[in-house]
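The file upload.txt contains compact mmCIF, C-alpha atoms:
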```
# COMPACT_ATOMS: atom_id res chain seq x y z
CA MET A 447 185.21 81.89 145.00
CA LEU A 448 184.05 82.03 141.46
CA ARG A 449 180.95 83.76 140.51
CA ILE A 450 179.12 83.48 137.16
CA ASN A 451 177.55 86.63 135.69
CA ILE A 452 175.08 86.00 132.87
CA THR A 453 173.94 88.99 130.86
CA THR A 454 171.31 88.65 128.16
CA GLN A 455 170.29 91.02 125.45
CA PRO A 456 166.83 90.46 123.92
CA THR A 457 165.91 90.74 120.26
CA ARG A 458 164.64 94.12 119.22
CA LEU A 459 162.48 94.45 116.17
CA GLU A 460 161.32 97.57 114.33
CA TYR A 461 158.06 97.34 112.47
CA THR A 462 156.96 99.54 109.58
CA ILE A 463 153.29 98.84 108.85
CA ASN A 464 151.39 100.25 105.91
CA ASN A 465 147.69 99.55 106.26
CA ALA A 466 145.65 98.25 103.31
CA LYS A 467 143.60 100.96 101.57
CA LEU A 468 140.39 100.65 99.69
CA ASN A 469 139.08 103.69 97.82
CA LEU A 470 135.54 103.25 96.50
CA GLN A 471 133.83 105.68 94.13
CA SER A 472 130.19 105.02 93.30
CA THR A 473 127.50 106.69 91.26
CA GLN A 474 123.94 106.38 92.44
CA PRO A 475 121.45 104.47 90.29
CA LYS A 476 118.77 106.62 88.69
CA VAL A 477 115.16 105.71 88.06
CA GLN A 478 113.10 107.87 85.73
CA LEU A 479 109.41 107.15 85.83
CA GLN A 480 106.91 108.84 83.53
CA THR A 481 103.25 108.06 83.86
CA THR A 482 100.32 108.84 81.66
CA PRO A 483 97.09 108.60 83.67
CA ALA A 484 94.22 106.48 82.46
CA THR A 485 91.23 108.44 81.20
CA VAL A 486 87.62 107.58 80.64
CA GLU A 487 85.38 109.45 78.25
CA ILE A 488 81.72 108.95 79.08
CA ARG A 489 78.98 110.50 77.00
CA GLN A 490 75.27 110.05 77.61
CA PRO A 491 73.17 111.02 74.60
CA GLN A 492 69.72 112.28 75.45
CA GLY A 493 66.89 109.78 75.29
CA GLU A 494 63.83 110.28 73.13
CA LEU A 495 60.50 110.91 74.86
CA THR A 496 57.38 110.54 72.75
CA ILE A 497 53.98 111.56 74.15
CA ASP A 498 50.93 110.86 72.01
CA ASN A 499 47.89 112.70 73.44
CA TYR A 500 45.55 111.44 70.74
CA PRO A 501 43.97 108.60 72.81
CA CYS A 502 43.16 111.14 75.54
CA ARG A 503 41.75 113.64 73.06
CA TYR A 504 39.81 110.90 71.24
CA SER A 505 38.09 109.86 74.47
CA ILE A 506 36.73 113.42 75.02
CA GLY A 507 35.56 113.76 71.41
CA LEU A 508 38.45 115.54 69.71
CA ARG A 509 39.24 113.33 66.74
CA ASN A 510 41.17 113.53 63.52
CA VAL A 511 39.39 113.54 60.16
CA ALA A 512 39.82 109.82 59.44
CA ASP A 513 38.49 108.71 62.86
CA LEU A 514 35.68 111.29 62.71
CA ALA A 515 34.58 109.95 59.30
CA GLU A 516 34.76 106.36 60.62
CA ASP A 517 32.74 107.27 63.74
CA PHE A 518 30.13 109.10 61.63
CA ALA A 519 29.87 106.08 59.32
CA ALA A 520 29.34 103.78 62.33
CA LEU A 521 26.76 106.19 63.77
CA GLY A 522 25.03 106.31 60.37
CA ARG A 523 24.88 102.50 60.18
CA GLN A 524 23.48 102.33 63.73
CA THR A 525 20.89 105.04 62.93
CA VAL A 526 19.81 103.14 59.80
CA MET A 527 19.45 99.94 61.82
CA ASP A 528 17.49 101.73 64.59
CA THR A 529 15.23 103.40 62.00
CA ILE A 530 14.52 100.09 60.23
CA ALA A 531 13.70 98.52 63.62
CA ARG A 532 11.38 101.43 64.51
CA ILE A 533 9.59 101.31 61.14
CA ALA A 534 9.17 97.54 61.42
CA GLN A 535 7.73 97.95 64.92
CA GLU A 536 5.33 100.64 63.76
CA GLY A 537 4.27 98.39 60.85
CA ASP A 538 3.66 95.54 63.28
CA GLN A 539 1.62 97.90 65.47
CA LEU A 540 -0.49 99.01 62.49
CA ALA A 541 -0.99 95.40 61.38
CA ARG A 542 -2.55 94.43 64.70
CA ILE A 543 -6.10 95.11 63.85
CA GLU A 544 -7.41 92.91 66.61
CA SER A 545 -6.30 95.39 69.23
CA LYS A 546 -8.88 98.04 69.86
CA SER A 547 -6.33 100.82 70.29
CA ASN A 548 -5.76 103.66 67.86
CA ALA A 549 -2.38 102.68 66.41
CA ILE A 550 -1.79 105.95 64.51
CA ALA A 551 -2.41 108.06 67.61
CA ASP A 552 -0.10 105.84 69.67
CA ILE A 553 2.60 106.10 67.03
CA ALA A 554 2.26 109.90 66.87
CA ALA A 555 2.34 110.17 70.68
CA ASN A 556 5.45 107.99 70.90
CA SER A 557 7.31 110.03 68.28
CA THR A 558 6.88 113.30 70.22
CA ILE A 559 8.37 111.87 73.40
CA SER A 560 12.09 112.42 73.49
CA GLU A 561 14.38 110.68 75.86
CA VAL A 562 16.02 112.74 78.56
CA SER A 563 19.75 112.59 78.09
CA ASP A 564 21.74 111.27 81.02
CA ILE A 565 25.10 112.35 82.24
CA THR A 566 27.49 109.55 81.62
CA TYR A 567 30.76 109.29 83.44
CA ALA A 568 33.31 107.88 81.06
CA HIS A 569 36.92 106.93 81.35
CA ILE A 570 39.36 109.30 79.68
CA ALA A 571 42.14 107.31 78.07
CA LEU A 572 45.70 107.97 79.11
CA PRO A 573 48.16 109.36 76.59
CA ASP A 574 50.67 106.95 75.05
CA ILE A 575 54.05 107.75 76.60
CA HIS A 576 57.13 106.08 75.18
CA TYR A 577 60.71 106.72 76.23
CA GLN A 578 63.68 105.30 74.36
CA ALA A 579 66.97 105.60 76.23
CA ASN A 580 70.15 105.85 74.19
CA PRO A 581 73.03 103.75 75.51
CA VAL A 582 75.99 105.30 77.29
CA GLN A 583 79.02 105.82 75.08
CA PHE A 584 81.99 104.65 77.12
CA ASN A 585 85.56 105.06 75.85
CA PRO A 586 88.36 104.10 78.27
CA VAL A 587 91.98 104.98 77.40
CA ASP A 588 94.65 102.95 79.22
CA GLY A 589 97.32 104.70 81.22
CA LYS A 590 101.01 104.11 80.55
CA VAL A 591 104.11 103.81 82.73
CA ASP A 592 107.50 104.41 81.08
CA LEU A 593 110.40 103.25 83.25
CA THR A 594 114.03 104.12 82.49
CA LEU A 595 116.72 102.60 84.70
CA GLN A 596 120.31 103.86 84.80
CA ARG A 597 122.48 101.46 86.76
CA GLY A 598 124.82 102.77 89.41
CA THR A 599 128.56 102.02 89.17
CA VAL A 600 131.18 101.16 91.76
CA GLN A 601 134.90 101.72 91.05
CA GLY A 602 137.33 100.38 93.58
CA ASP A 603 141.06 101.02 94.05
CA PHE A 604 142.61 98.53 96.45
CA GLN A 605 146.18 98.93 97.77
CA ARG A 606 147.55 96.03 99.70
CA GLY A 607 149.01 96.64 103.06
CA ASN A 608 152.59 95.58 103.96
CA VAL A 609 154.61 94.95 107.03
CA ASP A 610 158.39 95.61 107.09
CA ILE A 611 160.24 93.99 109.95
CA LYS A 612 163.84 95.03 110.77
CA VAL A 613 165.95 93.56 113.47
CA THR A 614 167.56 96.46 115.29
CA GLN A 615 169.21 94.38 118.01
CA TYR A 616 170.15 90.78 117.81
CA PRO A 617 169.91 88.60 120.87
CA SER A 618 173.02 87.78 122.80
CA ILE A 619 174.03 85.99 125.97
CA GLU A 620 177.27 86.86 127.76
CA ILE A 621 178.45 84.54 130.43
CA LEU A 622 181.42 85.71 132.61
CA ALA A 623 183.15 83.89 135.37
CA VAL A 624 184.37 86.39 138.00
CA ASP A 625 186.73 85.62 140.82
CA ILE A 626 185.52 87.14 144.04
CA LYS A 627 187.84 87.32 146.99
CA ALA A 628 186.17 87.01 150.20
```
Now that the file is in, can you turn its structure into structure tokens?
Amino acid sequence: MLRINITTQPTRLEYTINNAKLNLQSTQPKVQLQTTPATVEIRQPQGELTIDNYPCRYSIGLRNVADLAEDFAALGRQTVMDTIARIAQEGDQLARIESKSNAIADIAANSTISEVSDITYAHIALPDIHYQANPVQFNPVDGKVDLTLQRGTVQGDFQRGNVDIKVTQYPSIEILAVDIKA
């Protein structure tokens, strides 16, 4: 009896693999920022306050020379007018002969009577007060921002990978016919 023996030998491969390499070197970006703050200069000059007490003093009788002379002149005019009126009245009284009264005695009696002075409540004038405000002096100065950018860099070194394949054993098939005695 014949028998067939088949022997096979597979392919053997040897691989040499070098991986790809990427070397990166980078420098960081830099930002330099310098600021100058905004400022405001504010100055408030003092206002001017003016107080004139003269109207108050005038109302209680304390006057300056010009007003005192004017008041005395007005008083003199009024006194002259009152005196003229009194003399005219006395002349009219003396001219009335038809009345049986003694005109000279009446005139003499009336001239000795003085009027009782009254207390008069009068308003005292307020002083003149004037205030002039000076405006605010406002001087703003703008702030500044100085920006300096330094870009970052990236340097790359790329090495490709490779694969080396070697056949260390080739495939083979061996077929043998063997005679077997039974």
Can you report as AutoDock Vina command-line options the centre and edge lengths in Å, to one decimal, of an axis-aligned box around the listed atoms of region 510-519 of chain A padded with 3 Å on each side?
```
--center_x 35.5 --center_y 109.8 --center_z 61.5 --size_x 17.3 --size_y 13.5 --size_z 10.4
```
Problem set entry | Distance criterion (only C-alpha atoms): nearest to Tyr577 (chain A) out of A:Asp498, A:Ala466, A:Gln480, A:Tyr461 |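 So, comparing all the options, the nearest one is A:Asp498.
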With region 581-605 of chain A as the partner and 12 Å as the cut-off, tabulate the residues of region 486-573 of chain A that qualify, each row holding the nearest pair of atoms and their distance in Å to one decimal, using all atoms listed in the file, sorted by chain and rising number, as a tab-separated table.
```
residue	atom	partner	partner_atom	distance
A:Val486	CA	A:Pro586	CA	4.3
A:Glu487	CA	A:Asn585	CA	5.0
A:Ile488	CA	A:Phe584	CA	4.7
A:Arg489	CA	A:Gln583	CA	5.1
A:Gln490	CA	A:Val582	CA	4.8
A:Pro491	CA	A:Val582	CA	6.9
A:Gln492	CA	A:Pro581	CA	9.1
A:Gly493	CA	A:Pro581	CA	8.6
A:Glu494	CA	A:Pro581	CA	11.5
```
For this session: List the neighbours of region 500-504 of chain A out to 9 Å using only C-alpha atoms; skip same-chain residues closer than 2 positions along the sequence, and give me the result as a ChimeraX atom specification.
Result: /A:498,506-510,513,570-574
Problem set entry | Separation of CA of Ser618 (chain A) from CA of Arg449 (chain A), in Å and rounded to one decimal | 19.8 Å
For this session: Would you list the contacts of Ile452 (chain A) as a list in words, taking every protein, DNA or RNA residue within 7 Å and counting all atoms listed in the file, but skipping same-chain residues closer than 4 positions in sequence?
Result: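 So the residues in contact are Ile619, Glu620, Ile621 and Leu622 of chain A.
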For this session: Report the distance between CA of Thr457 (chain A) and CA of Val624 (chain A) in Å, rounded to one decimal place.
Result: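 Distance reported for this atom pair: 26.0 Å.
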Problem set entry | Proximity to Ala579 (chain A) - best of A:Thr614, A:Ser547, A:Thr558, A:Thr496, only C-alpha atoms | A:Thr496
Exercise. Taking (33.3, 104.9, 74.5) in the file's coordinates, which residues come within 9 Å, counting all atoms listed in the file, written as JSON, numbers by chain?
Worked result: {"A": [505, 568, 569]}
